[in-house]
$ cat upload_35.txt   # compact mmCIF, C-alpha atoms and all ligand atoms
# COMPACT_ATOMS: atom_id res chain seq x y z
CA MET A 715 22.75 -1.88 132.00
CA PRO A 716 22.12 -3.15 135.54
CA VAL A 717 21.25 -6.86 135.88
CA HIS A 718 17.68 -6.06 136.82
CA GLY A 719 16.83 -4.13 133.64
CA LEU A 720 15.74 -1.07 135.58
CA PRO A 721 17.50 2.24 136.19
CA PRO A 722 19.99 2.36 139.09
CA TYR A 723 18.49 2.34 142.58
CA ASP A 724 16.83 5.66 143.41
CA PRO A 725 17.36 6.45 147.10
CA GLN A 726 14.42 8.88 146.94
CA ASN A 727 11.86 6.18 146.06
CA ILE A 728 8.87 6.11 148.38
CA PHE A 729 9.82 2.88 150.19
CA ALA A 730 13.38 4.11 150.81
CA ARG A 731 11.84 7.18 152.41
CA ILE A 732 9.52 5.00 154.52
CA LEU A 733 12.53 2.91 155.61
CA ARG A 734 14.34 6.09 156.69
CA GLY A 735 11.27 7.22 158.63
CA GLU A 736 10.78 10.28 156.40
CA ILE A 737 7.24 9.21 155.47
CA PRO A 738 4.82 7.65 157.96
CA CYS A 739 3.45 4.14 157.56
CA LYS A 740 1.45 1.59 159.53
CA LYS A 741 4.32 -0.66 160.55
CA VAL A 742 3.73 -4.38 161.01
CA PHE A 743 7.22 -5.81 161.52
CA GLU A 744 10.91 -4.98 161.48
CA ASP A 745 14.13 -6.95 161.93
CA ASP A 746 17.67 -6.73 160.51
CA PHE A 747 16.58 -7.81 157.02
CA ALA A 748 12.98 -6.78 156.46
CA PHE A 749 10.46 -4.05 157.14
CA ALA A 750 6.71 -4.54 156.71
CA PHE A 751 3.82 -2.09 156.62
CA HIS A 752 0.21 -1.89 155.43
CA ASP A 753 -0.36 -0.89 151.81
CA ILE A 754 -1.83 2.60 151.52
CA ASN A 755 -4.41 1.34 149.00
CA PRO A 756 -5.29 -2.19 150.17
CA GLN A 757 -6.52 -4.70 147.58
CA ALA A 758 -7.61 -7.26 150.21
CA PRO A 759 -8.65 -7.15 153.90
CA THR A 760 -5.00 -7.78 154.72
CA HIS A 761 -2.52 -6.18 152.31
CA VAL A 762 0.96 -5.87 153.75
CA LEU A 763 4.13 -4.87 151.89
CA VAL A 764 7.39 -6.47 152.93
CA VAL A 765 10.62 -4.81 151.79
CA PRO A 766 14.25 -5.73 152.35
CA LYS A 767 16.31 -3.26 154.36
CA GLY A 768 18.93 -3.15 151.59
CA ALA A 769 18.75 -1.01 148.46
CA TYR A 770 17.42 -3.35 145.75
CA CYS A 771 15.32 -2.13 142.83
CA SER A 772 13.42 -5.30 142.10
CA PHE A 773 13.20 -9.06 142.55
CA ALA A 774 15.68 -9.47 139.69
CA ASP A 775 18.16 -7.19 141.45
CA PHE A 776 17.60 -8.76 144.89
CA SER A 777 17.81 -12.37 143.73
CA ALA A 778 20.98 -11.72 141.72
CA THR A 779 22.91 -9.40 144.01
CA ALA A 780 21.76 -9.72 147.64
CA SER A 781 23.83 -11.90 149.96
CA GLU A 782 22.66 -15.33 151.04
CA VAL A 783 22.15 -13.98 154.54
CA GLU A 784 19.95 -11.15 153.27
CA ILE A 785 17.89 -13.46 151.07
CA ALA A 786 17.36 -16.03 153.82
CA GLY A 787 16.63 -13.34 156.36
CA PHE A 788 14.09 -11.69 154.09
CA ILE A 789 12.26 -14.89 153.14
CA ARG A 790 12.12 -16.02 156.77
CA ALA A 791 10.73 -12.63 157.75
CA VAL A 792 7.94 -12.90 155.15
CA GLY A 793 6.95 -16.29 156.56
CA LYS A 794 7.08 -15.04 160.13
CA ILE A 795 4.95 -11.98 159.34
CA ALA A 796 2.25 -14.14 157.74
CA LYS A 797 2.34 -16.56 160.66
CA ASP A 798 2.29 -13.81 163.29
CA LEU A 799 -0.68 -12.15 161.56
CA GLY A 800 -2.54 -15.46 161.89
CA LEU A 801 -2.84 -16.00 158.15
CA GLU A 802 -1.60 -19.57 157.80
CA ALA A 803 -4.88 -21.37 158.60
CA ALA A 804 -6.98 -19.65 155.93
CA GLY A 805 -4.05 -19.03 153.60
CA TYR A 806 -2.55 -16.06 151.84
CA ARG A 807 -0.96 -14.96 148.58
CA LEU A 808 2.49 -13.51 147.93
CA LEU A 809 3.15 -11.39 144.85
CA ALA A 810 6.17 -9.49 143.59
CA ASN A 811 5.93 -7.23 140.56
CA MET A 812 9.12 -6.90 138.53
CA GLY A 813 9.51 -4.35 135.75
CA GLU A 814 7.28 -2.82 133.14
CA HIS A 815 4.95 -5.67 132.17
CA SER A 816 4.16 -6.41 135.81
CA GLY A 817 3.24 -2.79 136.49
CA GLN A 818 5.85 -2.39 139.23
CA GLU A 819 5.33 1.14 140.52
CA VAL A 820 7.85 1.48 143.32
CA PRO A 821 11.47 0.67 142.40
CA HIS A 822 12.44 -0.87 145.74
CA PHE A 823 11.91 -4.66 145.81
CA HIS A 824 8.78 -5.58 147.76
CA VAL A 825 6.52 -8.54 148.29
CA HIS A 826 2.78 -8.03 148.59
CA LEU A 827 1.08 -10.22 151.21
CA PHE A 828 -2.67 -10.55 150.57
CA ALA A 829 -5.16 -12.35 152.80
CA GLY A 830 -8.51 -12.15 154.55
CA ARG A 831 -10.88 -13.46 151.85
CA PRO A 832 -10.80 -15.90 148.93
CA LEU A 833 -8.44 -14.18 146.51
CA GLY A 834 -9.73 -15.50 143.19
CA ARG A 835 -7.66 -16.22 140.14
CA MET A 836 -3.99 -15.43 140.14
CA ILE A 837 -4.16 -13.40 136.96
CA PRO A 838 -7.45 -11.77 135.85
CA GLY A 839 -8.86 -12.54 132.44
P1 LIG B 1 3.88 -2.27 142.92
O1 LIG B 1 2.91 -1.91 141.86
O2 LIG B 1 5.16 -1.48 142.81
O3 LIG B 1 4.10 -3.75 143.05
O4 LIG B 1 3.19 -1.88 144.30
C1 LIG B 1 3.38 -0.67 144.94
C2 LIG B 1 2.40 -0.61 146.10
O5 LIG B 1 2.82 0.42 146.97
C3 LIG B 1 0.96 -0.30 145.69
O6 LIG B 1 0.11 -1.35 146.14
C4 LIG B 1 0.66 1.03 146.40
O7 LIG B 1 -0.65 1.10 146.90
C5 LIG B 1 1.69 1.05 147.52
N1 LIG B 1 2.10 2.38 147.92
C6 LIG B 1 2.48 3.40 147.10
N2 LIG B 1 2.83 4.48 147.82
C7 LIG B 1 2.68 4.12 149.12
C8 LIG B 1 2.89 4.84 150.35
O8 LIG B 1 3.30 6.00 150.39
N3 LIG B 1 2.64 4.15 151.50
C9 LIG B 1 2.20 2.86 151.50
N4 LIG B 1 1.97 2.28 152.69
N5 LIG B 1 1.98 2.16 150.35
C10 LIG B 1 2.22 2.80 149.19
$ encode --input "upload_35.txt" --output "C-alpha cells"
Amino acid sequence: MPVHGLPPYDPQNIFARILRGEIPCKKVFEDDFAFAFHDINPQAPTHVLVVPKGAYCSFADFSATASEVEIAGFIRAVGKIAKDLGLEAAGYRLLANMGEHSGQEVPHFHVHLFAGRPLGRMIPG
C-alpha cells in the first residue's frame, strides 16, 4: 500500500492533463515547482488551485516523498501567488483535501486558495 493510502498516481487525472496542456485552464502562475489556475467551479470570489509540478497523489504523498527543494519551492510559490494576487491585506484561506473523508476528488495534490470575502467557519456545522 502506498504511504498516502490512495491508489498509485494516475497520470490521466485531470490536473496531470492540465499540467501537460491537454486541457485548457485559466492560468495564474507557473515556475519550476508549482502551477496555479482558477478553479472551474469557484467557491469564493477568488478560488485558485495550486499544484506541484511533480506527480504526487495527495498531501500525504507529497509531504512524505517529495524532496526538500520541491516542498520549499511549492510552499514559497503558494505564498507568492497569494501576495501577487493582492490577497495579503484582507487575508485568505488555504485548504488541502486528503483522501476519502475530506472529499478529495482529484488525485493530484493541490492546495485551494480562497479569498475575496469573509470566508466563515472553517468547517460547516
Ligand atoms: P478536491 O475536492 O479534490 O480538493 O478539489 C478538486 C477541485 O478541482 C474542485 O474544486 C473542482 O471544482 C476543481 N476542478 C475539477 N475539474 C477541474 C477542471 O477541469 N478544471 C479546473 N480548473 N478545476 C477543476
$ closest_residue --input "upload_35.txt" --among "A:Val792, A:Met812, A:Met836, A:Ala774" --to "ligand LIG 1 (chain B)" --atoms "only C-alpha atoms and all ligand atoms"
A:Met812
$ closest_atom_pairs --input "upload_35.txt" --of "chain A" --to "ligand LIG 1 (chain B)" --cutoff "7 Å" --atoms "all atoms listed in the file" --output "CSV"
residue,atom,partner,partner_atom,distance
A:Ile728,CA,B:LIG1,O8,5.9
A:Cys739,CA,B:LIG1,N4,5.4
A:Lys740,CA,B:LIG1,N4,6.9
A:Phe751,CA,B:LIG1,N4,6.2
A:His752,CA,B:LIG1,N4,5.3
A:Asp753,CA,B:LIG1,N4,4.0
A:Ile754,CA,B:LIG1,N4,4.0
A:Asn755,CA,B:LIG1,O7,4.3
A:Pro756,CA,B:LIG1,O7,6.6
A:Ala810,CA,B:LIG1,O3,6.1
A:Asn811,CA,B:LIG1,O3,4.7
A:Gly817,CA,B:LIG1,O1,5.5
A:Gln818,CA,B:LIG1,O2,3.8
A:Glu819,CA,B:LIG1,O2,3.5
A:Val820,CA,B:LIG1,O2,4.0
A:Pro821,CA,B:LIG1,O2,6.7
A:His824,CA,B:LIG1,O3,6.9
$ write_last_selection --input "upload_35.txt" --atoms "C-alpha atoms" --output "PDB file, in the frame of the given file"
ATOM      1  CA  ILE A 728       8.870   6.110 148.380  1.00  0.00           C
ATOM      2  CA  CYS A 739       3.450   4.140 157.560  1.00  0.00           C
ATOM      3  CA  LYS A 740       1.450   1.590 159.530  1.00  0.00           C
ATOM      4  CA  PHE A 751       3.820  -2.090 156.620  1.00  0.00           C
ATOM      5  CA  HIS A 752       0.210  -1.890 155.430  1.00  0.00           C
ATOM      6  CA  ASP A 753      -0.360  -0.890 151.810  1.00  0.00           C
ATOM      7  CA  ILE A 754      -1.830   2.600 151.520  1.00  0.00           C
ATOM      8  CA  ASN A 755      -4.410   1.340 149.000  1.00  0.00           C
ATOM      9  CA  PRO A 756      -5.290  -2.190 150.170  1.00  0.00           C
ATOM     10  CA  ALA A 810       6.170  -9.490 143.590  1.00  0.00           C
ATOM     11  CA  ASN A 811       5.930  -7.230 140.560  1.00  0.00           C
ATOM     12  CA  GLY A 817       3.240  -2.790 136.490  1.00  0.00           C
ATOM     13  CA  GLN A 818       5.850  -2.390 139.230  1.00  0.00           C
ATOM     14  CA  GLU A 819       5.330   1.140 140.520  1.00  0.00           C
ATOM     15  CA  VAL A 820       7.850   1.480 143.320  1.00  0.00           C
ATOM     16  CA  PRO A 821      11.470   0.670 142.400  1.00  0.00           C
ATOM     17  CA  HIS A 824       8.780  -5.580 147.760  1.00  0.00           C
TER      18      HIS A 824
END
$ atom_distance --input "upload_35.txt" --atom1 "CA of Phe749 in chain A" --atom2 "CA of Ser777 in chain A"
17.4 Å
$ closest_residue --input "upload_35.txt" --among "A:Glu744, A:His822, A:Leu801, A:Glu784" --to "Asn727 in chain A" --atoms "only C-alpha atoms"
A:His822
$ atom_distance --input "upload_35.txt" --atom1 "CA of Tyr806 in chain A" --atom2 "CA of Pro766 in chain A"
19.7 Å
$ closest_residue --input "upload_35.txt" --among "A:Val742, A:Val762, A:Leu809, A:Ile795" --to "Ile837 in chain A" --atoms "all atoms listed in the file"
A:Leu809
$ atom_distance --input "upload_35.txt" --atom1 "CA of Asp746 in chain A" --atom2 "CA of Ala829 in chain A"
24.7 Å
$ residues_around --input "upload_35.txt" --residues "Lys767 in chain A" --least-positions-apart "4" --cutoff "12 Å" --atoms "only C-alpha atoms" --output "list of chain:residue names"
A:Phe729, A:Ala730, A:Arg731, A:Ile732, A:Leu733, A:Arg734, A:Phe743, A:Glu744, A:Asp745, A:Asp746, A:Phe747, A:Ala748, A:Phe749, A:Ala750, A:Cys771, A:Phe776, A:Ala780, A:Glu784, A:Ile785, A:Gly787, A:Phe788, A:Ala791, A:His822, A:Phe823, A:His824
$ axis_aligned_box --input "upload_35.txt" --around "range 790-795 of chain A" --padding-each-side "6 Å" --output "JSON"
{"center_x": 8.5, "center_y": -14.1, "center_z": 157.6, "size_x": 19.2, "size_y": 16.3, "size_z": 17.0}
$ closest_residue --input "upload_35.txt" --among "A:Ala796, A:Gly813, A:Gly768, A:Ala803" --to "Val783 in chain A" --atoms "all atoms listed in the file"
A:Gly768
$ closest_residue --input "upload_35.txt" --among "A:Pro738, A:Pro721, A:Gly805, A:His815" --to "Arg831 in chain A" --atoms "all atoms listed in the file"
A:Gly805
$ residues_around --input "upload_35.txt" --residues "Ala758 in chain A" --least-positions-apart "3" --cutoff "7 Å" --atoms "all atoms listed in the file" --output "mmCIF file with C-alpha atoms, in the frame of the given file"
data_model
loop_
_atom_site.group_PDB
_atom_site.id
_atom_site.type_symbol
_atom_site.label_atom_id
_atom_site.label_comp_id
_atom_site.auth_asym_id
_atom_site.auth_seq_id
_atom_site.Cartn_x
_atom_site.Cartn_y
_atom_site.Cartn_z
ATOM 1 C CA HIS A 761 -2.520 -6.180 152.310
ATOM 2 C CA PHE A 828 -2.670 -10.550 150.570
ATOM 3 C CA ALA A 829 -5.160 -12.350 152.800
ATOM 4 C CA GLY A 830 -8.510 -12.150 154.550
#
$ closest_residue --input "upload_35.txt" --among "A:Gly793, A:Asp775, A:Leu827, A:Thr760" --to "Arg807 in chain A" --atoms "all atoms listed in the file"
A:Leu827
